[in-house]
Amino acid sequence: MTHRVTVKVAGLQPVQLLAALAGIAFIVFGVVGFTRTGIGDWAAQSFVLGFSVNPLHNLVLVAVGVLGLLMALGSGLARLYGWLLFIGSAAIFVWGLMITGILARNPAEQFGNPLALNTNDNWLYLGLALFGLLLAVLPARRKLIEEEEPVLPEQRSAAFDGVDDTRDSRVGDSRGGDTREHRIEEMDPTVSPREREPITKEQAVIDPKTERVSKDKIKH
């Protein structure tokens, strides 16, 4: 019996756990930010652990956290969440460098600073970008599964088919032998139609030629 070995993803993946923890952390940070800035004045600005936040910034953090919890349900989705976190955080990091003046030229200067980013936020989003990249490339935990392949029923060999065909041909020959002999007798030109007709016992005795005739041809 042959065995087939396949590799499958084994249970809950580390990337799913990390994505869920990151989602919870984002939600907690955003809720704490709302307690500092409130939700009535979107121009309000405050600080949480040295990071500058405003209501829009808090809303973005909560949305990213909810997305992380939802995408943590599957290993593939969790890795996709890592890629999204990497791209988004890297873009905010570069934008923060332009806003804070670390980069001389700011092509998005007309949009101002809607997320109230400061220097600490820049380094925070750099760390988040690296964390997202880690989620995206984190290998999956796999396991080997050994499966038994089903055994198919053996087909009848051609030798048995040949024996059956020979047996059928023999039966056909035995059945058709009498018929062929009867046809040969009918086609024999040396036997006249008169000789094949039934005769009486008196004719059989008188005519010596009829001694060759079988008894079933004699009329009773």
# chains A, B, ... in the order shown; residues from 1 in each chain; ligands from 1
call {"tool": "closest_atom_pairs", "arguments": {"of": "segment 35-55 of chain A", "to": "segment 123-144 of chain A", "cutoff": "12 Å", "atoms": "only C-alpha atoms", "output": "JSON lines"}}
result
{"residue": "A:Leu49", "atom": "CA", "partner": "A:Leu124", "partner_atom": "CA", "distance": 11.3}
{"residue": "A:Gly50", "atom": "CA", "partner": "A:Leu124", "partner_atom": "CA", "distance": 10.6}
{"residue": "A:Phe51", "atom": "CA", "partner": "A:Leu124", "partner_atom": "CA", "distance": 8.4}
{"residue": "A:Ser52", "atom": "CA", "partner": "A:Leu124", "partner_atom": "CA", "distance": 10.8}
call {"tool": "write_last_selection", "arguments": {"atoms": "N, CA, C and O atoms", "output": "PDB file, in the first residue's frame"}}
result
ATOM      1  N   LEU A  49       1.279  59.384  26.015  1.00  0.00           N
ATOM      2  CA  LEU A  49       2.622  58.809  26.147  1.00  0.00           C
ATOM      3  C   LEU A  49       3.626  59.547  25.263  1.00  0.00           C
ATOM      4  O   LEU A  49       4.561  58.938  24.708  1.00  0.00           O
ATOM      5  N   GLY A  50       3.451  60.840  25.095  1.00  0.00           N
ATOM      6  CA  GLY A  50       4.372  61.645  24.302  1.00  0.00           C
ATOM      7  C   GLY A  50       4.050  61.703  22.836  1.00  0.00           C
ATOM      8  O   GLY A  50       4.731  62.410  22.082  1.00  0.00           O
ATOM      9  N   PHE A  51       3.032  60.993  22.388  1.00  0.00           N
ATOM     10  CA  PHE A  51       2.652  60.990  20.971  1.00  0.00           C
ATOM     11  C   PHE A  51       1.478  61.955  20.778  1.00  0.00           C
ATOM     12  O   PHE A  51       0.506  61.939  21.538  1.00  0.00           O
ATOM     13  N   SER A  52       1.574  62.776  19.745  1.00  0.00           N
ATOM     14  CA  SER A  52       0.550  63.767  19.477  1.00  0.00           C
ATOM     15  C   SER A  52      -0.646  63.112  18.780  1.00  0.00           C
ATOM     16  O   SER A  52      -0.472  62.353  17.813  1.00  0.00           O
TER      17      SER A  52
END
call {"tool": "atom_distance", "arguments": {"atom1": "atom CA of Ser75 of chain A", "atom2": "atom CA of Val94 of chain A"}}
result
28.8 Å
call {"tool": "closest_residue", "arguments": {"among": "A:Ala44, A:Leu69, A:Leu115, A:Leu17", "to": "Ile92 of chain A", "atoms": "only C-alpha atoms"}}
result
A:Leu115
call {"tool": "residues_around", "arguments": {"residues": "Glu109 of chain A", "least_positions_apart": "2", "cutoff": "10 Å", "atoms": "only C-alpha atoms", "output": "list in words"}}
result
Trp95, Met98, Ile99, Arg105, Asn106, Pro107, Phe111, Gly112 and Asn113 of chain A
call {"tool": "write_last_selection", "arguments": {"atoms": "C-alpha atoms", "output": "PDB file, in the first residue's frame"}}
result
ATOM      1  CA  TRP A  95       4.853  62.284   5.353  1.00  0.00           C
ATOM      2  CA  MET A  98       8.202  66.206   5.565  1.00  0.00           C
ATOM      3  CA  ILE A  99       5.825  67.843   8.043  1.00  0.00           C
ATOM      4  CA  ARG A 105      10.582  69.427   0.444  1.00  0.00           C
ATOM      5  CA  ASN A 106       6.970  68.619   1.333  1.00  0.00           C
ATOM      6  CA  PRO A 107       4.789  67.929  -1.769  1.00  0.00           C
ATOM      7  CA  PHE A 111      -2.927  69.385   3.204  1.00  0.00           C
ATOM      8  CA  GLY A 112      -1.315  70.664   6.406  1.00  0.00           C
ATOM      9  CA  ASN A 113      -1.011  68.250   9.346  1.00  0.00           C
TER      10      ASN A 113
END
